[in-house]
$ cat run_27.txt   # compact mmCIF, C-alpha atoms and all ligand atoms
# COMPACT_ATOMS: atom_id res chain seq x y z
CA MET A 1 78.87 -200.09 304.87
CA ALA A 2 78.77 -197.23 302.44
CA GLU A 3 77.15 -193.83 302.43
CA ALA A 4 74.31 -193.73 299.91
CA PRO A 5 74.58 -191.51 296.85
CA PRO A 6 71.47 -189.56 295.76
CA ALA A 7 68.58 -191.75 294.64
CA LEU A 8 68.19 -192.46 290.91
CA PRO A 9 64.83 -193.08 289.20
CA LEU A 10 63.49 -196.41 290.39
CA ILE A 11 63.86 -199.26 287.87
CA VAL A 12 62.71 -202.55 289.31
CA PRO A 13 63.25 -205.81 287.41
CA SER A 14 60.63 -208.53 287.64
CA LEU A 15 61.36 -211.57 289.81
CA GLU A 16 61.15 -213.72 286.65
CA ARG A 17 63.85 -211.66 285.00
CA LEU A 18 65.98 -212.09 288.10
CA GLY A 19 65.42 -215.85 287.96
CA LEU A 20 63.45 -215.83 291.22
CA ARG A 21 60.20 -217.64 292.01
CA ARG A 22 57.15 -215.81 293.32
CA ASP A 23 55.84 -218.74 295.39
CA ARG A 24 58.68 -219.08 297.90
CA PRO A 25 59.93 -216.84 300.70
CA LEU A 26 62.36 -214.13 299.58
CA VAL A 27 65.45 -213.01 301.50
CA ILE A 28 66.95 -209.68 300.41
CA VAL A 29 70.57 -209.27 301.52
CA ASP A 30 73.05 -206.38 301.41
CA VAL A 31 76.72 -206.96 300.49
CA ASP A 32 79.04 -204.40 302.14
CA GLU A 33 79.42 -205.14 305.86
CA VAL A 34 76.80 -207.89 305.61
CA LEU A 35 78.07 -210.54 303.16
CA GLY A 36 81.50 -208.97 302.74
CA LEU A 37 84.13 -207.16 304.81
CA PHE A 38 83.95 -203.86 302.91
CA MET A 39 85.87 -201.67 305.37
CA ALA A 40 88.75 -204.17 305.51
CA GLY A 41 88.85 -204.36 301.70
CA PHE A 42 88.51 -200.62 301.14
CA GLY A 43 91.02 -199.93 303.94
CA GLY A 44 93.60 -202.10 302.19
CA PHE A 45 92.88 -200.40 298.86
CA VAL A 46 93.37 -196.87 300.22
CA ALA A 47 96.49 -197.92 302.18
CA GLU A 48 98.11 -199.03 298.90
CA ARG A 49 97.49 -195.49 297.66
CA GLY A 50 99.06 -193.81 300.69
CA TYR A 51 95.93 -193.04 302.75
CA GLU A 52 94.61 -194.29 306.08
CA LEU A 53 91.13 -195.55 306.84
CA ARG A 54 90.62 -195.01 310.58
CA PHE A 55 87.83 -196.47 312.67
CA GLU A 56 86.85 -193.38 314.62
CA ARG A 57 83.14 -193.18 313.82
CA PHE A 58 80.48 -195.09 311.89
CA ALA A 59 81.10 -193.25 308.65
CA LEU A 60 83.17 -193.67 305.54
CA PHE A 61 84.61 -190.52 304.03
CA GLN A 62 85.11 -188.88 307.44
CA ASN A 63 87.43 -191.78 308.35
CA LEU A 64 89.81 -191.24 305.39
CA PHE A 65 93.07 -189.42 306.22
CA ARG A 66 96.50 -188.70 304.89
CA PRO A 67 99.00 -190.35 307.29
CA GLY A 68 99.42 -188.19 310.40
CA ALA A 69 96.68 -185.74 309.39
CA THR A 70 94.04 -184.62 311.87
CA GLU A 71 91.54 -183.44 309.20
CA HIS A 72 89.89 -186.09 307.04
CA LEU A 73 90.22 -186.00 303.25
CA ASP A 74 87.78 -183.74 301.51
CA LEU A 75 84.64 -185.52 300.42
CA THR A 76 85.41 -185.26 296.69
CA GLU A 77 88.72 -187.10 297.15
CA GLY A 78 87.02 -189.67 299.35
CA ARG A 79 84.29 -190.21 296.76
CA GLN A 80 86.93 -190.67 294.03
CA LEU A 81 88.69 -193.38 296.07
CA PHE A 82 85.32 -195.03 296.75
CA ASP A 83 84.40 -195.04 293.04
CA ASP A 84 87.87 -196.31 292.05
CA TYR A 85 87.61 -199.14 294.58
CA PHE A 86 84.28 -200.28 293.19
CA ARG A 87 85.47 -200.00 289.59
CA THR A 88 88.72 -201.94 290.04
CA ASP A 89 89.10 -203.71 293.38
CA CYS A 90 85.81 -204.66 295.05
CA GLY A 91 86.14 -208.23 293.74
CA ALA A 92 89.00 -208.88 296.17
CA MET A 93 86.94 -208.36 299.36
CA GLU A 94 86.82 -211.16 301.96
CA PRO A 95 83.40 -212.63 302.76
CA ALA A 96 82.00 -211.94 306.23
CA PRO A 97 82.63 -214.94 308.53
CA GLY A 98 79.74 -217.40 308.36
CA ALA A 99 77.81 -215.49 305.69
CA VAL A 100 78.35 -217.91 302.80
CA ASP A 101 77.42 -220.97 304.91
CA ALA A 102 74.32 -219.25 306.30
CA LEU A 103 73.04 -218.32 302.82
CA LYS A 104 73.72 -221.84 301.56
CA ARG A 105 71.62 -223.19 304.43
CA LEU A 106 68.79 -220.79 303.58
CA LYS A 107 68.86 -221.60 299.88
CA PRO A 108 66.60 -224.72 300.02
CA ARG A 109 63.95 -222.67 301.85
CA ALA A 110 64.05 -219.28 300.18
CA GLU A 111 64.82 -217.27 297.08
CA ILE A 112 67.78 -214.99 297.68
CA LEU A 113 68.26 -211.55 296.15
CA ILE A 114 71.41 -209.50 296.70
CA LEU A 115 70.55 -205.79 296.89
CA SER A 116 73.69 -203.68 297.01
CA ASN A 117 74.10 -199.91 296.97
CA ALA A 118 77.19 -199.72 294.79
CA PRO A 119 78.19 -197.80 291.65
CA ALA A 120 76.98 -199.41 288.40
CA ASP A 121 80.66 -199.95 287.44
CA ALA A 122 80.85 -202.60 290.15
CA GLU A 123 78.29 -204.95 288.61
CA ARG A 124 80.68 -207.41 286.92
CA LEU A 125 83.21 -207.52 289.79
CA ARG A 126 80.44 -207.86 292.36
CA GLY A 127 78.65 -210.59 290.38
CA ASP A 128 81.93 -212.46 289.90
CA TRP A 129 82.68 -212.10 293.62
CA LEU A 130 79.36 -213.71 294.53
CA LYS A 131 79.93 -216.62 292.11
CA ARG A 132 83.49 -217.15 293.32
CA HIS A 133 82.22 -217.56 296.86
CA GLY A 134 79.51 -220.00 295.85
CA LEU A 135 76.72 -217.42 295.84
CA PRO A 136 75.51 -217.13 292.25
CA GLU A 137 72.46 -215.22 293.41
CA ALA A 138 70.35 -212.61 291.70
CA LEU A 139 71.97 -209.18 292.07
CA ILE A 140 70.57 -205.66 291.88
CA LEU A 141 72.86 -202.65 292.21
CA SER A 142 70.88 -199.73 293.59
CA SER A 143 71.31 -196.37 295.26
CA GLY A 144 69.51 -194.38 297.93
CA PRO A 145 67.34 -195.68 300.76
CA LYS A 146 66.29 -199.25 300.03
CA GLY A 147 62.62 -199.12 301.11
CA PRO A 148 61.01 -198.17 297.77
CA ILE A 149 62.86 -200.79 295.70
CA THR A 150 62.32 -203.43 298.39
CA ALA A 151 58.58 -202.69 298.45
CA ALA A 152 58.41 -202.98 294.65
CA ILE A 153 60.16 -206.35 294.76
CA VAL A 154 58.16 -207.64 297.73
CA ALA A 155 54.91 -206.69 295.96
CA GLN A 156 55.75 -209.35 293.35
CA THR A 157 55.91 -212.29 295.75
CA ALA A 158 53.27 -214.17 297.73
CA GLY A 159 55.88 -215.53 300.15
CA LYS A 160 57.23 -214.14 303.41
CA THR A 161 60.14 -211.75 303.07
CA ALA A 162 63.20 -210.71 305.07
CA PHE A 163 65.72 -207.88 304.61
CA ILE A 164 69.24 -207.66 306.04
CA ASP A 165 71.45 -204.54 306.04
CA ASP A 166 74.06 -202.85 308.22
CA LEU A 167 72.69 -199.30 307.86
CA LEU A 168 69.76 -198.01 309.92
CA PRO A 169 68.58 -195.60 307.15
CA ASN A 170 68.02 -198.60 304.87
CA LEU A 171 66.33 -200.63 307.61
CA ASP A 172 64.11 -197.67 308.58
CA SER A 173 63.25 -197.12 304.91
CA VAL A 174 62.18 -200.76 304.52
CA ALA A 175 60.14 -200.54 307.75
CA GLU A 176 58.32 -197.57 306.27
CA HIS A 177 57.76 -198.87 302.71
CA SER A 178 57.46 -202.63 303.28
CA PRO A 179 56.33 -203.06 306.90
CA ALA A 180 55.51 -206.79 306.60
CA THR A 181 59.13 -207.59 305.68
CA ALA A 182 61.18 -208.93 308.61
CA ARG A 183 64.27 -206.79 309.15
CA PHE A 184 67.63 -207.61 310.68
CA GLN A 185 70.70 -205.45 311.20
CA HIS A 186 74.10 -207.11 310.80
CA VAL A 187 77.48 -205.38 311.13
CA ALA A 188 80.26 -207.67 309.91
CA ASP A 189 83.44 -205.77 310.85
CA LEU A 190 84.52 -206.32 314.47
CA ARG A 191 85.90 -202.77 314.69
CA LEU A 192 82.67 -201.23 313.42
CA ARG A 193 80.35 -203.13 315.72
CA ALA A 194 80.98 -200.90 318.74
CA LEU A 195 80.57 -197.77 316.59
CA ALA A 196 77.49 -198.80 314.61
CA PRO A 197 74.25 -197.31 315.89
CA ARG A 198 71.47 -199.79 316.61
CA SER A 199 67.72 -199.37 316.92
CA ASP A 200 65.07 -201.31 318.79
CA ARG A 201 63.00 -201.21 315.58
CA HIS A 202 65.23 -203.88 314.00
CA PRO A 203 66.90 -206.89 315.68
CA ARG A 204 70.70 -206.58 315.55
CA ILE A 205 72.46 -209.95 315.06
CA ASP A 206 76.17 -209.78 314.28
CA ASP A 207 76.77 -213.55 314.30
CA TRP A 208 75.85 -215.08 310.93
CA ALA A 209 74.99 -218.54 312.30
CA GLU A 210 72.50 -216.97 314.70
CA LEU A 211 71.26 -214.56 312.03
CA GLY A 212 70.66 -217.42 309.58
CA GLU A 213 68.44 -219.15 312.15
CA ALA A 214 66.52 -215.96 312.86
CA ILE A 215 65.93 -215.37 309.14
CA GLU A 216 64.76 -218.94 308.71
CA ALA A 217 62.31 -218.54 311.61
CA ALA A 218 61.01 -215.26 310.16
CA ILE A 219 60.26 -216.75 306.72
CA SER A 220 58.83 -220.06 308.00
CA GLY A 221 55.21 -220.96 308.58
MG MG A 301 76.05 -202.31 303.61

$ encode --input "run_27.txt" --output "structure tokens" --more "lines below"
Ligand SMILES: [Mg+2]
Amino acid sequence: MAEAPPALPLIVPSLERLGLRRDRPLVIVDVDEVLGLFMAGFGGFVAERGYELRFERFALFQNLFRPGATEHLDLTEGRQLFDDYFRTDCGAMEPAPGAVDALKRLKPRAEILILSNAPADAERLRGDWLKRHGLPEALILSSGPKGPITAAIVAQTAGKTAFIDDLLPNLDSVAEHSPATARFQHVADLRLRALAPRSDRHPRIDDWAELGEAIEAAISG
């Protein structure tokens, strides 16, 4: 998971440019806390720099502390660590258990687009990370609520569509802007699951094997 920076002007590539077909179902998947264990990776990164990432609430910068401190780091320092992580270290993250296998099983039935809210600096490391884990999928780095960009992508396909994210603001945004797209919430980190808010607007499936089957059912027929 990651807190979204302010939205930038919307630039939406065509499906052709992304190497995706218009005549098959399309599955749009987040990275941090969906395909990859972001909090574990970022927690290790900040620990090497003498900070602690605590799991006290479903937030990011408010969970960053100096050892022993009761007040979290100020948001500017937190943002700097976040940007540094994406620029230099996000390629070392572990995949979420079951995610790679589930996407490989979906691949014969659907086009797959990775839609990640991450700084533009992360594009090469993030793309390399996907390839290294056998997921050389189309990748868009974005920012802000994901509904508008998802709607612009979905408008290009005749197939059924599904969207998977850990964050309710992104899921709510897709519900608003692309209501025909099936939505699923997935929270990969075991420690975050109890803290992560859920909503009866979007099915929450934290097991990737089960989630893969639900996605397949949603894009079939
Ligand atoms: Mg995420």

$ residues_near_ligand --input "run_27.txt" --ligand "ligand MG 301 (chain A)" --cutoff "8 Å" --atoms "all atoms listed in the file" --output "list of chain:residue names"
A:Met1, A:Ala2, A:Asp30, A:Val31, A:Asp32, A:Glu33, A:Val34, A:Ser116, A:Asn117, A:Asp165, A:Asp166, A:Leu167

$ residues_near_point --input "run_27.txt" --point "(92.4, -199.8, 302.5)" --cutoff "12 Å" --atoms "all atoms listed in the file" --output "ChimeraX atom specification"
/A:37-55,60,63-65,78,81-82,84-85,89-90,92-93

$ residues_near_point --input "run_27.txt" --point "(58.0, -202.7, 304.7)" --cutoff "10 Å" --atoms "all atoms listed in the file" --output "number ranges by chain"
A: 147-148, 150-151, 154, 161-163, 171-183

$ atom_distance --input "run_27.txt" --atom1 "CA of Arg87 (chain A)" --atom2 "CA of Leu139 (chain A)"
16.5 Å

$ residues_around --input "run_27.txt" --residues "Ala110 (chain A)" --least-positions-apart "3" --cutoff "6 Å" --atoms "all atoms listed in the file" --output "PDB file with C-alpha atoms, keeping the file's coordinate frame"
ATOM      1  CA  ARG A  24      58.680-219.080 297.900  1.00  0.00           C
ATOM      2  CA  PRO A  25      59.930-216.840 300.700  1.00  0.00           C
ATOM      3  CA  LEU A  26      62.360-214.130 299.580  1.00  0.00           C
ATOM      4  CA  LYS A 107      68.860-221.600 299.880  1.00  0.00           C
TER       5      LYS A 107
END

$ residues_around --input "run_27.txt" --residues "Ala196 (chain A)" --least-positions-apart "2" --cutoff "9 Å" --atoms "all atoms listed in the file" --output "list of chain:residue names"
A:Arg57, A:Phe58, A:Ala59, A:Asp166, A:Leu167, A:Val187, A:Leu192, A:Arg193, A:Ala194, A:Arg198

$ closest_residue --input "run_27.txt" --among "A:Leu20, A:Ala155, A:Ile205, A:Ala214" --to "His186 (chain A)" --atoms "only C-alpha atoms"
A:Ile205

$ atom_distance --input "run_27.txt" --atom1 "CA of Ile28 (chain A)" --atom2 "CA of Leu195 (chain A)"
24.3 Å

$ atom_distance --input "run_27.txt" --atom1 "CA of Pro169 (chain A)" --atom2 "CA of Pro145 (chain A)"
6.5 Å

$ closest_residue --input "run_27.txt" --among "A:Leu130, A:Ala99, A:Leu168, A:Ala69" --to "Asp207 (chain A)" --atoms "only C-alpha atoms"
A:Ala99

$ closest_residue --input "run_27.txt" --among "A:Leu75, A:Leu190, A:Val29, A:Leu18" --to "Asn170 (chain A)" --atoms "only C-alpha atoms"
A:Val29

$ closest_residue --input "run_27.txt" --among "A:Glu216, A:Ser142, A:Arg191, A:Gly221" --to "Glu56 (chain A)" --atoms "only C-alpha atoms"
A:Arg191
